[in-house]
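Reproduced below: work.cif, with mmCIF, C-alpha atoms.
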data_query
loop_
_atom_site.label_atom_id
_atom_site.label_comp_id
_atom_site.auth_asym_id
_atom_site.auth_seq_id
_atom_site.Cartn_x
_atom_site.Cartn_y
_atom_site.Cartn_z
CA MET A 1 0.00 0.00 0.00
CA LEU A 2 2.83 2.29 0.85
CA LYS A 3 4.53 1.54 -2.44
CA LYS A 4 1.35 2.37 -4.36
CA SER A 5 1.06 5.72 -2.58
CA MET A 6 4.65 6.52 -3.36
CA LEU A 7 3.97 5.92 -7.09
CA VAL A 8 0.77 7.99 -7.20
CA LEU A 9 2.24 11.09 -5.58
CA PRO A 10 4.84 11.79 -8.30
CA LEU A 11 2.27 11.22 -11.02
CA LEU A 12 -0.14 13.61 -9.35
CA SER A 13 2.58 16.24 -8.97
CA ALA A 14 3.53 15.91 -12.63
CA LEU A 15 -0.09 16.25 -13.70
CA ILE A 16 -0.51 19.40 -11.63
CA PHE A 17 2.73 20.81 -13.06
CA PHE A 18 1.79 20.19 -16.70
CA THR A 19 -1.70 21.57 -16.12
CA ALA A 20 -0.24 24.72 -14.66
CA CYS A 21 2.19 25.06 -17.57
CA SER A 22 -0.63 24.59 -20.07
CA GLU A 23 -2.71 27.30 -18.41
CA LYS A 24 0.30 29.60 -18.39
CA LYS A 25 0.90 29.07 -22.12
CA LYS A 26 -2.76 29.82 -22.85
CA GLU A 27 -2.44 33.04 -20.89
CA GLU A 28 0.75 33.94 -22.80
CA VAL A 29 -0.95 33.26 -26.16
CA LYS A 30 -3.91 35.36 -25.08
CA VAL A 31 -1.60 38.19 -24.05
CA LYS A 32 0.29 37.96 -27.36
CA LYS A 33 -2.95 38.14 -29.30
CA GLU A 34 -3.98 41.21 -27.34
CA VAL A 35 -0.56 42.80 -27.98
CA LYS A 36 -0.92 42.30 -31.75
CA LYS A 37 -4.26 44.15 -31.79
CA ILE A 38 -2.68 47.58 -32.24
CA GLU A 39 -4.33 50.98 -32.71
CA VAL A 40 -4.25 52.61 -36.15
CA LYS A 41 -5.42 56.03 -37.29
CA VAL A 42 -8.06 56.02 -40.01
CA HIS A 43 -9.92 58.59 -42.07
CA THR A 44 -13.41 57.70 -43.25
CA LEU A 45 -13.57 58.52 -46.93
CA ASN A 46 -16.29 60.91 -48.10
CA LYS A 47 -16.78 62.98 -51.21
CA GLN A 48 -15.67 66.52 -50.49
CA THR A 49 -14.91 69.68 -52.41
CA TYR A 50 -11.29 70.74 -52.56
CA PRO A 51 -9.50 73.54 -54.41
CA ILE A 52 -7.89 71.41 -57.09
CA TRP A 53 -4.64 72.72 -58.57
CA LEU A 54 -2.75 70.76 -61.21
CA ASP A 55 1.04 71.12 -61.32
CA PHE A 56 3.08 71.50 -64.50
CA THR A 57 6.40 72.90 -65.67
CA GLY A 58 6.78 75.32 -68.57
CA LYS A 59 8.76 78.15 -70.09
CA THR A 60 8.03 81.86 -70.38
CA GLN A 61 7.83 83.68 -73.70
CA ALA A 62 7.61 87.39 -74.51
CA LEU A 63 4.26 88.59 -75.81
CA GLU A 64 6.18 90.56 -78.42
CA ASN A 65 9.78 89.96 -79.47
CA VAL A 66 10.65 92.31 -82.31
CA PHE A 67 13.93 92.97 -84.07
CA VAL A 68 14.87 96.57 -84.83
CA THR A 69 16.12 96.61 -88.44
CA SER A 70 17.72 99.18 -90.69
CA ARG A 71 15.64 100.35 -93.64
CA ILE A 72 18.53 101.95 -95.49
CA SER A 73 22.22 101.20 -96.00
CA GLY A 74 25.02 103.32 -94.58
CA GLU A 75 27.55 103.81 -91.81
CA LEU A 76 26.23 103.53 -88.24
CA GLU A 77 27.02 106.87 -86.57
CA LYS A 78 25.31 106.82 -83.15
CA ILE A 79 23.63 104.54 -80.59
CA TYR A 80 21.22 106.29 -78.22
CA PHE A 81 20.41 103.55 -75.68
CA LYS A 82 21.93 101.17 -73.16
CA ALA A 83 21.23 97.44 -73.13
CA GLY A 84 18.32 96.58 -70.83
CA GLN A 85 16.83 100.05 -71.06
CA LYS A 86 13.07 100.60 -71.25
CA VAL A 87 12.05 102.22 -74.52
CA LYS A 88 8.82 103.59 -75.93
CA LYS A 89 7.50 103.20 -79.43
CA GLY A 90 9.05 105.97 -81.57
CA ASP A 91 12.19 106.46 -79.45
CA VAL A 92 15.28 107.08 -81.62
CA LEU A 93 17.72 104.21 -81.09
CA PHE A 94 20.35 104.51 -83.87
CA LYS A 95 21.61 107.13 -86.34
CA ILE A 96 22.83 106.09 -89.80
CA ASP A 97 24.89 108.50 -91.93
CA ASP A 98 22.35 110.41 -94.05
CA SER A 99 24.65 112.67 -96.09
CA GLU A 100 24.21 110.60 -99.24
CA TYR A 101 20.43 110.61 -98.84
CA LYS A 102 20.32 114.38 -98.26
CA THR A 103 22.25 114.84 -101.52
CA ILE A 104 19.64 112.73 -103.27
CA VAL A 105 16.91 114.88 -101.71
CA ASP A 106 18.57 118.00 -103.14
CA GLN A 107 18.81 116.36 -106.55
CA LYS A 108 15.19 115.31 -106.51
CA GLN A 109 14.12 118.74 -105.36
CA ALA A 110 15.96 120.26 -108.33
CA SER A 111 14.18 117.84 -110.65
CA VAL A 112 10.83 118.84 -109.18
CA ASN A 113 11.64 122.53 -109.61
CA LYS A 114 12.66 121.95 -113.23
CA ALA A 115 9.53 119.93 -113.92
CA LYS A 116 7.39 122.70 -112.46
CA SER A 117 9.07 125.27 -114.72
CA ASN A 118 8.60 123.12 -117.80
CA LEU A 119 4.96 122.56 -116.92
CA ASN A 120 4.34 126.26 -116.32
CA LEU A 121 5.98 127.09 -119.67
CA ALA A 122 3.85 124.52 -121.48
CA LEU A 123 0.69 125.85 -119.82
CA SER A 124 1.63 129.40 -120.83
CA LYS A 125 2.11 128.38 -124.48
CA LEU A 126 -1.19 126.52 -124.45
CA LYS A 127 -2.98 129.52 -122.98
CA ARG A 128 -1.63 131.84 -125.71
CA TYR A 129 -2.29 129.41 -128.54
CA GLU A 130 -5.91 128.44 -127.76
CA PRO A 131 -7.44 131.83 -128.81
CA LEU A 132 -5.55 131.72 -132.10
CA VAL A 133 -7.05 128.34 -132.94
CA GLN A 134 -10.51 129.57 -131.96
CA GLN A 135 -10.07 132.54 -134.34
CA GLY A 136 -8.82 130.23 -137.12
CA LEU A 137 -5.41 131.89 -137.12
CA ALA A 138 -3.47 128.74 -136.16
CA PRO A 139 -3.76 125.04 -137.00
CA ARG A 140 -5.54 122.75 -134.47
CA GLU A 141 -2.78 120.13 -134.78
CA LYS A 142 -0.36 122.48 -133.00
CA LEU A 143 -2.93 122.94 -130.19
CA ASP A 144 -3.14 119.16 -129.73
CA GLU A 145 0.65 118.96 -129.50
CA LEU A 146 0.70 121.63 -126.80
CA LYS A 147 -2.00 119.83 -124.80
CA ALA A 148 -0.04 116.58 -125.01
CA SER A 149 3.07 118.41 -123.89
CA VAL A 150 1.24 119.77 -120.81
CA GLN A 151 0.10 116.26 -119.84
CA GLN A 152 3.63 114.95 -120.30
CA TYR A 153 5.10 117.62 -118.01
CA LYS A 154 2.41 116.92 -115.41
CA SER A 155 3.38 113.24 -115.42
CA LEU A 156 7.07 114.10 -115.13
CA LEU A 157 6.34 116.45 -112.23
CA ASN A 158 4.34 113.78 -110.39
CA ALA A 159 7.15 111.26 -110.89
CA ASP A 160 9.75 113.72 -109.60
CA LYS A 161 7.57 114.56 -106.59
CA SER A 162 7.26 110.85 -105.78
CA ALA A 163 11.04 110.41 -106.06
CA LEU A 164 11.55 113.43 -103.77
CA LYS A 165 9.13 111.94 -101.23
CA ASP A 166 11.04 108.63 -101.26
CA ALA A 167 14.34 110.46 -100.83
CA LYS A 168 13.00 112.36 -97.82
CA ILE A 169 11.70 109.09 -96.32
CA ASN A 170 15.18 107.59 -96.62
CA VAL A 171 16.59 110.59 -94.75
CA ASN A 172 14.03 109.95 -92.00
CA TYR A 173 15.02 106.27 -91.99
CA SER A 174 18.53 107.33 -91.01
CA GLN A 175 17.03 107.68 -87.53
CA VAL A 176 16.17 104.12 -86.52
CA LYS A 177 13.24 104.15 -84.07
CA ALA A 178 11.70 101.66 -81.65
CA ASN A 179 8.75 99.90 -83.24
CA ILE A 180 7.20 98.71 -79.95
CA LYS A 181 7.31 99.58 -76.26
CA GLY A 182 9.46 97.28 -74.13
CA THR A 183 12.94 96.36 -72.96
CA ILE A 184 15.73 96.62 -75.51
CA GLY A 185 18.66 94.22 -75.62
CA LYS A 186 22.25 94.96 -76.57
CA ALA A 187 23.15 96.55 -79.91
CA LEU A 188 24.04 93.92 -82.49
CA VAL A 189 26.21 96.33 -84.53
CA ASP A 190 28.93 98.70 -83.34
CA ILE A 191 29.33 102.35 -84.34
CA GLY A 192 31.39 102.73 -87.52
CA ASN A 193 30.15 99.56 -89.18
CA ILE A 194 28.29 99.62 -92.47
CA VAL A 195 24.75 98.37 -92.13
CA ASN A 196 22.64 97.19 -95.02
CA LYS A 197 18.93 97.41 -95.57
CA ASN A 198 17.04 94.94 -93.32
CA ASP A 199 20.06 94.23 -91.08
CA LYS A 200 19.10 93.40 -87.47
CA LEU A 201 20.41 96.08 -85.11
CA ALA A 202 18.79 95.10 -81.75
CA ASN A 203 15.70 93.42 -80.38
CA ILE A 204 12.92 94.67 -78.11
CA VAL A 205 10.74 92.45 -75.93
CA GLN A 206 7.46 93.40 -74.32
CA THR A 207 7.56 91.86 -70.83
CA LYS A 208 4.74 93.55 -68.88
CA GLU A 209 2.81 90.41 -69.71
CA LEU A 210 4.31 87.04 -70.55
CA TYR A 211 3.16 83.86 -72.20
CA VAL A 212 3.86 80.60 -70.39
CA ASN A 213 3.98 77.55 -72.66
CA PHE A 214 3.57 74.04 -71.26
CA ASN A 215 2.43 70.60 -72.39
CA PRO A 216 0.04 68.69 -70.10
CA SER A 217 -0.71 65.04 -70.78
CA SER A 218 -3.94 64.27 -72.56
CA ASN A 219 -5.22 62.78 -69.26
CA ALA A 220 -4.55 66.07 -67.45
CA VAL A 221 -6.34 68.00 -70.20
CA PHE A 222 -9.28 65.60 -69.82
CA LEU A 223 -9.45 66.44 -66.10
CA ILE A 224 -9.21 70.16 -66.84
CA ASN A 225 -12.03 70.03 -69.36
CA GLN A 226 -14.13 67.77 -67.11
CA TYR A 227 -13.90 69.76 -63.89
CA LYS A 228 -12.96 73.34 -64.81
CA SER A 229 -15.35 75.90 -63.37
CA GLU A 230 -14.26 78.67 -65.77
CA LYS A 231 -13.68 78.68 -69.51
CA TYR A 232 -10.16 80.05 -69.03
CA PRO A 233 -8.76 78.61 -65.77
CA LYS A 234 -6.50 80.76 -63.62
CA VAL A 235 -2.85 79.93 -63.00
CA LYS A 236 -0.07 80.77 -60.56
CA VAL A 237 3.52 80.77 -61.79
CA LEU A 238 6.85 80.63 -59.95
CA PRO A 239 10.47 80.08 -61.00
CA GLU A 240 11.47 76.43 -60.60
CA ASN A 241 13.48 76.82 -57.39
CA ILE A 242 11.17 79.25 -55.56
CA GLU A 243 8.70 77.71 -53.08
CA ASP A 244 6.98 80.75 -51.55
CA GLU A 245 3.62 80.90 -53.33
CA LYS A 246 3.11 84.46 -52.07
CA LEU A 247 5.60 85.48 -54.77
CA SER A 248 3.72 83.74 -57.58
CA LEU A 249 2.62 85.65 -60.68
CA LYS A 250 -1.01 85.27 -61.62
CA GLY A 251 -2.77 84.87 -64.94
CA ARG A 252 -5.12 82.72 -66.98
CA ILE A 253 -5.04 80.08 -69.67
CA ASP A 254 -5.54 81.72 -73.06
CA PHE A 255 -4.92 78.82 -75.44
CA ILE A 256 -5.50 75.05 -75.49
CA ASP A 257 -4.57 73.22 -78.68
CA ASN A 258 -7.20 71.10 -80.40
CA MET A 259 -4.98 68.07 -80.96
CA THR A 260 -2.77 65.68 -78.98
CA ASP A 261 0.83 65.34 -80.14
CA LYS A 262 1.11 61.70 -81.27
CA SER A 263 4.81 61.47 -80.42
CA THR A 264 4.52 62.76 -76.84
CA GLY A 265 0.88 62.21 -75.85
CA THR A 266 0.71 65.82 -74.68
CA VAL A 267 -1.38 68.84 -75.60
CA SER A 268 0.08 72.30 -76.21
CA MET A 269 -1.28 74.85 -73.73
CA ARG A 270 -0.48 78.49 -72.98
CA ALA A 271 -1.18 80.93 -70.18
CA LYS A 272 -0.84 84.70 -70.09
CA ILE A 273 0.46 86.14 -66.81
CA ASP A 274 0.94 89.60 -65.34
CA ASN A 275 4.64 90.55 -65.17
CA SER A 276 4.22 94.28 -64.55
CA LYS A 277 7.06 94.29 -62.03
CA ASP A 278 9.42 92.58 -64.51
CA LEU A 279 10.12 89.72 -62.10
CA LEU A 280 10.47 87.14 -64.86
CA PHE A 281 12.35 87.21 -68.15
CA PRO A 282 11.36 85.45 -71.36
CA GLY A 283 12.90 81.98 -71.60
CA THR A 284 12.65 81.23 -67.85
CA PHE A 285 11.69 77.70 -66.77
CA VAL A 286 8.79 77.92 -64.31
CA LYS A 287 6.36 75.89 -62.21
CA ILE A 288 2.70 76.30 -63.08
CA LYS A 289 -0.26 75.65 -60.79
CA LEU A 290 -3.48 75.50 -62.77
CA PHE A 291 -6.76 75.88 -60.87
CA ILE A 292 -9.59 73.59 -61.98
CA THR A 293 -12.38 73.90 -59.44
CA ASP A 294 -13.40 73.98 -55.80
CA LYS A 295 -17.03 73.08 -56.45
CA VAL A 296 -16.99 69.41 -57.55
CA PRO A 297 -17.20 66.74 -54.77
CA ILE A 298 -14.51 64.09 -55.22
CA LEU A 299 -12.95 61.16 -53.38
CA ALA A 300 -9.39 62.14 -52.55
CA LEU A 301 -6.54 61.11 -50.27
CA ASN A 302 -3.28 62.53 -49.10
CA PRO A 303 -0.71 61.05 -51.53
CA ASN A 304 1.37 59.90 -48.53
CA ASN A 305 -1.33 57.32 -47.74
CA ILE A 306 -1.08 55.64 -51.14
CA TYR A 307 1.55 52.96 -51.74
CA GLN A 308 2.93 51.07 -54.71
CA ASN A 309 3.28 47.38 -55.51
CA GLN A 310 3.65 45.31 -58.66
CA LEU A 311 -0.05 45.73 -59.42
CA GLY A 312 0.04 49.51 -59.11
CA SER A 313 -1.31 51.79 -56.40
CA TYR A 314 -2.89 50.49 -53.21
CA VAL A 315 -4.12 51.64 -49.80
CA LEU A 316 -4.76 49.89 -46.51
CA ILE A 317 -8.23 50.10 -45.03
CA VAL A 318 -9.91 48.78 -41.89
CA ASN A 319 -12.89 46.67 -42.94
CA LYS A 320 -16.13 45.95 -41.08
CA GLU A 321 -14.43 43.17 -39.09
CA ASN A 322 -11.81 45.71 -37.93
CA LYS A 323 -9.16 43.90 -39.92
CA VAL A 324 -6.51 45.37 -42.20
CA GLN A 325 -7.30 44.95 -45.88
CA LYS A 326 -5.17 45.87 -48.89
CA VAL A 327 -7.15 47.55 -51.69
CA GLN A 328 -5.80 48.31 -55.16
CA VAL A 329 -6.87 51.76 -56.37
CA GLU A 330 -6.74 53.75 -59.58
CA VAL A 331 -5.63 57.38 -59.24
CA SER A 332 -6.80 59.79 -61.93
CA TYR A 333 -4.44 62.58 -60.81
CA SER A 334 -1.97 63.15 -58.01
CA ASN A 335 0.22 66.01 -56.80
CA LYS A 336 1.92 66.79 -53.51
CA ASP A 337 -1.38 67.90 -51.94
CA LEU A 338 -3.93 65.30 -52.94
CA ALA A 339 -4.63 62.24 -55.06
CA ILE A 340 -7.98 61.96 -56.81
CA ILE A 341 -9.36 58.41 -56.54
CA LYS A 342 -10.90 57.13 -59.75
CA SER A 343 -11.77 53.58 -58.62
CA GLY A 344 -11.13 51.01 -55.88
CA LEU A 345 -12.56 52.96 -52.95
CA LYS A 346 -16.02 54.16 -52.02
CA GLN A 347 -17.57 56.53 -49.53
CA GLY A 348 -17.42 55.15 -46.00
CA ASP A 349 -14.18 53.21 -46.45
CA ARG A 350 -11.85 53.71 -43.50
CA VAL A 351 -8.39 54.37 -44.91
CA ILE A 352 -5.39 53.88 -42.63
CA VAL A 353 -3.45 57.15 -42.45
CA SER A 354 -0.87 56.21 -39.81
CA GLU A 355 2.36 54.17 -40.08
CA VAL A 356 1.71 50.90 -41.92
CA SER A 357 5.11 49.21 -42.00
CA GLN A 358 4.20 46.84 -39.12
CA LEU A 359 0.76 45.97 -40.47
CA ARG A 360 -0.18 42.90 -42.45
CA ASP A 361 -3.24 41.92 -44.42
CA ASN A 362 -6.12 40.54 -42.31
CA GLN A 363 -4.55 41.76 -39.06
CA GLU A 364 -7.11 42.77 -36.44
CA VAL A 365 -6.64 46.34 -35.26
CA ILE A 366 -8.30 49.08 -33.27
CA ALA A 367 -9.37 51.95 -35.57
CA LYS A 368 -9.17 55.51 -34.30
CA GLU A 369 -10.85 58.15 -36.47
CA VAL A 370 -8.78 61.28 -37.23
CA ALA A 371 -9.36 64.43 -39.28
CA ASN A 372 -8.74 64.57 -43.01
CA SER A 373 -5.01 65.00 -43.65
CA ILE A 374 -5.51 66.88 -46.94
CA THR A 375 -4.73 70.56 -46.40
CA ILE A 376 -4.90 72.83 -49.44
CA LYS A 377 -5.00 76.60 -49.28
#
Just dump the structure as structure tokens.
Amino acid sequence: MLKKSMLVLPLLSALIFFTACSEKKKEEVKVKKEVKKIEVKVHTLNKQTYPIWLDFTGKTQALENVFVTSRISGELEKIYFKAGQKVKKGDVLFKIDDSEYKTIVDQKQASVNKAKSNLNLALSKLKRYEPLVQQGLAPREKLDELKASVQQYKSLLNADKSALKDAKINVNYSQVKANIKGTIGKALVDIGNIVNKNDKLANIVQTKELYVNFNPSSNAVFLINQYKSEKYPKVKVLPENIEDEKLSLKGRIDFIDNMTDKSTGTVSMRAKIDNSKDLLFPGTFVKIKLFITDKVPILALNPNNIYQNQLGSYVLIVNKENKVQKVQVEVSYSNKDLAIIKSGLKQGDRVIVSEVSQLRDNQEVIAKEVANSITIK
């Protein structure tokens, strides 16, 4: 009997030990499960209106870029401006030697004077001869000759007057004037050089307003045409390396091409901006923000909450069972402020907006609602 008791006691102790260990392991597993149920921040997706700005890059262009050209040939005598100077239409910029043209004016004036004398003489003869013909004292053939002579001298006088006018114009052309208002560049010819007719002497650009040329994708143009609240959307423009939007120059779209470039898949577009303070020069690379609308409700996310895999873009949501679920989405447009969701999500979906690196698909979590993280001014 004693031997049997001695055998039962160790077995009973072992059973109690293993039972205790089993209960402890269950508690540990339960604790681990509770530890894995972490808290995540979510934003419940709803259609909202946002100020939607599309971002592009482009290049500025002068509204007017005109070359100043010589209209006569001759030696360049004077330059009346400095490079970069503001000029008005009609300002004298260059002086070409006009001595040769003044000589021609004198010659043409002499020809006009001679033609006038010849015409007056012919008219005088005609006046004296007409009464004689009327009285039958002179032949009519002579009268016809005198009339023809008067017409000939009139024609010669008109031709000489026209030549004199041209000669005087050439003298005026010796002063080369600005043909538009704007900023003039450097002189392309130095004093003392011979310039020929139509030679380029300088160029003037009108910079109080500027064109900005850029080439959005056909998809971006589709969005613009679909959502734009104005026929000619407004734009804000900044140099590429400037971030302060308070410094941006404002304007509007004034041209959208009617065809997509087959080789690039883009559409030519142009804006006109105010540059009255001459902050930008033609030929500057710039950033363009194009306003579409703030009136159309859309589904949108902060781009930081959208991730990439081999299938494309995806987000993590918390489903009805409070489990993490990966959802592939299609984004119609994205910039640094927001991403417009085209498909994959619907209103009411709870998108995870906190750190996701430790999360896995189908993991049970605690969802904590937070405010929308999209902030656009």
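Running the PyMOL selection byres ((chain A and resi 111-125) around 6) on this file leaves Lys108, Gln109, Ala110, Leu126, Lys127, Arg128, Val150, Tyr153, Leu157, Asp160 and Lys161 of chain A selected.
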Residues within 9 Å of Val286 of chain A, please, as a PDB file with C-alpha atoms, in the coordinates of the input. Count all atoms listed in the file; anything in the same chain fewer than 2 positions from it doesn't count.
ATOM      1  CA  PHE A  56       3.080  71.500 -64.500  1.00  0.00           C
ATOM      2  CA  THR A  57       6.400  72.900 -65.670  1.00  0.00           C
ATOM      3  CA  GLY A  58       6.780  75.320 -68.570  1.00  0.00           C
ATOM      4  CA  LYS A  59       8.760  78.150 -70.090  1.00  0.00           C
ATOM      5  CA  THR A  60       8.030  81.860 -70.380  1.00  0.00           C
ATOM      6  CA  VAL A 212       3.860  80.600 -70.390  1.00  0.00           C
ATOM      7  CA  VAL A 237       3.520  80.770 -61.790  1.00  0.00           C
ATOM      8  CA  LEU A 238       6.850  80.630 -59.950  1.00  0.00           C
ATOM      9  CA  PRO A 239      10.470  80.080 -61.000  1.00  0.00           C
ATOM     10  CA  GLU A 240      11.470  76.430 -60.600  1.00  0.00           C
ATOM     11  CA  ASN A 241      13.480  76.820 -57.390  1.00  0.00           C
ATOM     12  CA  THR A 284      12.650  81.230 -67.850  1.00  0.00           C
ATOM     13  CA  ILE A 288       2.700  76.300 -63.080  1.00  0.00           C
TER      14      ILE A 288
END
Worksheet entry | Target residues per the PyMOL selection byres ((chain A and resi 195) around 6), formatted as number ranges by chain | A: 73-74, 194, 196
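Remark: for Asp166 of chain A, the closest of the candidate residues A:Thr69, A:Arg252, A:Ile191, A:Ile104 is A:Ile104 (distances computed over all atoms listed in the file).
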Exercise: Asp337 of chain A partners within 12 Å, only C-alpha atoms, chain neighbours under 4 positions left out, as a PDB file with C-alpha atoms, in the coordinates of the input:
ATOM      1  CA  TYR A  50     -11.290  70.740 -52.560  1.00  0.00           C
ATOM      2  CA  PRO A  51      -9.500  73.540 -54.410  1.00  0.00           C
ATOM      3  CA  ILE A  52      -7.890  71.410 -57.090  1.00  0.00           C
ATOM      4  CA  TRP A  53      -4.640  72.720 -58.570  1.00  0.00           C
ATOM      5  CA  LEU A  54      -2.750  70.760 -61.210  1.00  0.00           C
ATOM      6  CA  ASP A  55       1.040  71.120 -61.320  1.00  0.00           C
ATOM      7  CA  LYS A 289      -0.260  75.650 -60.790  1.00  0.00           C
ATOM      8  CA  ALA A 300      -9.390  62.140 -52.550  1.00  0.00           C
ATOM      9  CA  LEU A 301      -6.540  61.110 -50.270  1.00  0.00           C
ATOM     10  CA  ASN A 302      -3.280  62.530 -49.100  1.00  0.00           C
ATOM     11  CA  PRO A 303      -0.710  61.050 -51.530  1.00  0.00           C
ATOM     12  CA  ASN A 304       1.370  59.900 -48.530  1.00  0.00           C
ATOM     13  CA  ASN A 305      -1.330  57.320 -47.740  1.00  0.00           C
ATOM     14  CA  TYR A 333      -4.440  62.580 -60.810  1.00  0.00           C
ATOM     15  CA  SER A 373      -5.010  65.000 -43.650  1.00  0.00           C
ATOM     16  CA  ILE A 374      -5.510  66.880 -46.940  1.00  0.00           C
ATOM     17  CA  THR A 375      -4.730  70.560 -46.400  1.00  0.00           C
ATOM     18  CA  ILE A 376      -4.900  72.830 -49.440  1.00  0.00           C
ATOM     19  CA  LYS A 377      -5.000  76.600 -49.280  1.00  0.00           C
TER      20      LYS A 377
END
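For the pair atom CA of Asn309 of chain A and atom CA of Val351 of chain A, the interatomic distance is 17.2 Å.
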Item to complete: Go through A:Leu45, A:Val87, A:Val66, A:Val40 and flag the residue nearest Gln347 of chain A, using only C-alpha atoms for the distances.
Response: A:Leu45
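Straight-line separation from atom CA of Leu93 of chain A to atom CA of Leu280 of chain A: 24.6 Å.
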So what does the PyMOL selection byres ((chain A and resi 101) around 9) actually pick up in this one, as an mmCIF file with C-alpha atoms, in the frame of the given file?
data_model
loop_
_atom_site.group_PDB
_atom_site.id
_atom_site.type_symbol
_atom_site.label_atom_id
_atom_site.label_comp_id
_atom_site.auth_asym_id
_atom_site.auth_seq_id
_atom_site.Cartn_x
_atom_site.Cartn_y
_atom_site.Cartn_z
ATOM 1 C CA ASP A 97 24.890 108.500 -91.930
ATOM 2 C CA ASP A 98 22.350 110.410 -94.050
ATOM 3 C CA SER A 99 24.650 112.670 -96.090
ATOM 4 C CA GLU A 100 24.210 110.600 -99.240
ATOM 5 C CA LYS A 102 20.320 114.380 -98.260
ATOM 6 C CA THR A 103 22.250 114.840 -101.520
ATOM 7 C CA ILE A 104 19.640 112.730 -103.270
ATOM 8 C CA VAL A 105 16.910 114.880 -101.710
ATOM 9 C CA ASP A 106 18.570 118.000 -103.140
ATOM 10 C CA ALA A 167 14.340 110.460 -100.830
ATOM 11 C CA LYS A 168 13.000 112.360 -97.820
ATOM 12 C CA ASN A 170 15.180 107.590 -96.620
ATOM 13 C CA VAL A 171 16.590 110.590 -94.750
ATOM 14 C CA SER A 174 18.530 107.330 -91.010
#
Worksheet entry | d(atom CA of Met269 of chain A, atom CA of Ile256 of chain A) in Å | 4.6 Å
Practice prompt. Could you check which of A:Asn158, A:Ser276, A:Ser70, A:Gln107 is closest to Ala202 of chain A, using only C-alpha atoms?
Written response: A:Ser70
Worksheet item: If I put a ball of radius 12 Å at (-7.1, 65.5, -59.5) in the file's coordinates, which residues poke into it when counting all atoms listed in the file, written as JSON, numbers by chain?
Response: {"A": [49, 50, 51, 52, 53, 54, 55, 219, 220, 221, 222, 223, 224, 225, 226, 227, 228, 290, 291, 292, 293, 294, 296, 297, 298, 299, 300, 301, 302, 303, 330, 331, 332, 333, 334, 335, 336, 337, 338, 339, 340, 341, 342]}
Write out as a CSV table (one decimal) with C-alpha atoms, keeping the file's coordinate frame which residues come within 12 Å of Arg140 of chain A when counting all atoms listed in the file, dropping same-chain ones fewer than 5 positions away.
chain,number,residue,atom,x,y,z
A,126,LEU,CA,-1.2,126.5,-124.4
A,129,TYR,CA,-2.3,129.4,-128.5
A,130,GLU,CA,-5.9,128.4,-127.8
A,131,PRO,CA,-7.4,131.8,-128.8
A,132,LEU,CA,-5.6,131.7,-132.1
A,133,VAL,CA,-7.0,128.3,-132.9
A,134,GLN,CA,-10.5,129.6,-132.0
A,135,GLN,CA,-10.1,132.5,-134.3
A,145,GLU,CA,0.6,119.0,-129.5
A,146,LEU,CA,0.7,121.6,-126.8
A,147,LYS,CA,-2.0,119.8,-124.8
Discussion item. Which residues are near Gly90 of chain A? Cut-off 7 Å, only C-alpha atoms, ignore same chain within fewer than 5 positions. Put them as a ChimeraX atom specification.
Written reply: /A:177-179
Would you save the residues of that selection, restricted to C-alpha atoms, as a CSV table (one decimal), in the frame of the given file?
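The file below, selection_39.csv, is the result:
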chain,number,residue,atom,x,y,z
A,177,LYS,CA,13.2,104.2,-84.1
A,178,ALA,CA,11.7,101.7,-81.6
A,179,ASN,CA,8.8,99.9,-83.2
Item to complete: Can you pull out every residue within 12 Å of Glu355 of chain A, counting only C-alpha atoms, but drop anything in the same chain fewer than 6 positions away, and send it as a PyMOL selection string?
Response: chain A and resi 38-42+304-307+315-316
Can those selected residues be exported to a file as a PDB file, in the coordinates of the input so that it contains C-alpha atoms?
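Output file out.pdb follows:
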ATOM      1  CA  ILE A  38      -2.680  47.580 -32.240  1.00  0.00           C
ATOM      2  CA  GLU A  39      -4.330  50.980 -32.710  1.00  0.00           C
ATOM      3  CA  VAL A  40      -4.250  52.610 -36.150  1.00  0.00           C
ATOM      4  CA  LYS A  41      -5.420  56.030 -37.290  1.00  0.00           C
ATOM      5  CA  VAL A  42      -8.060  56.020 -40.010  1.00  0.00           C
ATOM      6  CA  ASN A 304       1.370  59.900 -48.530  1.00  0.00           C
ATOM      7  CA  ASN A 305      -1.330  57.320 -47.740  1.00  0.00           C
ATOM      8  CA  ILE A 306      -1.080  55.640 -51.140  1.00  0.00           C
ATOM      9  CA  TYR A 307       1.550  52.960 -51.740  1.00  0.00           C
ATOM     10  CA  VAL A 315      -4.120  51.640 -49.800  1.00  0.00           C
ATOM     11  CA  LEU A 316      -4.760  49.890 -46.510  1.00  0.00           C
TER      12      LEU A 316
END
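Between Glu369 of chain A and the residues A:Lys89, A:His43, A:Lys208, A:Lys154, the shortest atom-to-atom distance, using only C-alpha atoms, involves A:His43.
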Practice prompt. Would you list the residues near (-1.3, 62.0, -73.0), meaning any protein, DNA or RNA residue with an atom at most 9 Å from that point in file coordinates, counting only C-alpha atoms, as an MDAnalysis selection string?
Written response: chainID A and resid 216:221 260:262 264:267
Write to file, as an mmCIF file, in the frame of the given file, the residues of the selection just made, with C-alpha atoms.
data_model
loop_
_atom_site.group_PDB
_atom_site.id
_atom_site.type_symbol
_atom_site.label_atom_id
_atom_site.label_comp_id
_atom_site.auth_asym_id
_atom_site.auth_seq_id
_atom_site.Cartn_x
_atom_site.Cartn_y
_atom_site.Cartn_z
ATOM 1 C CA PRO A 216 0.040 68.690 -70.100
ATOM 2 C CA SER A 217 -0.710 65.040 -70.780
ATOM 3 C CA SER A 218 -3.940 64.270 -72.560
ATOM 4 C CA ASN A 219 -5.220 62.780 -69.260
ATOM 5 C CA ALA A 220 -4.550 66.070 -67.450
ATOM 6 C CA VAL A 221 -6.340 68.000 -70.200
ATOM 7 C CA THR A 260 -2.770 65.680 -78.980
ATOM 8 C CA ASP A 261 0.830 65.340 -80.140
ATOM 9 C CA LYS A 262 1.110 61.700 -81.270
ATOM 10 C CA THR A 264 4.520 62.760 -76.840
ATOM 11 C CA GLY A 265 0.880 62.210 -75.850
ATOM 12 C CA THR A 266 0.710 65.820 -74.680
ATOM 13 C CA VAL A 267 -1.380 68.840 -75.600
#
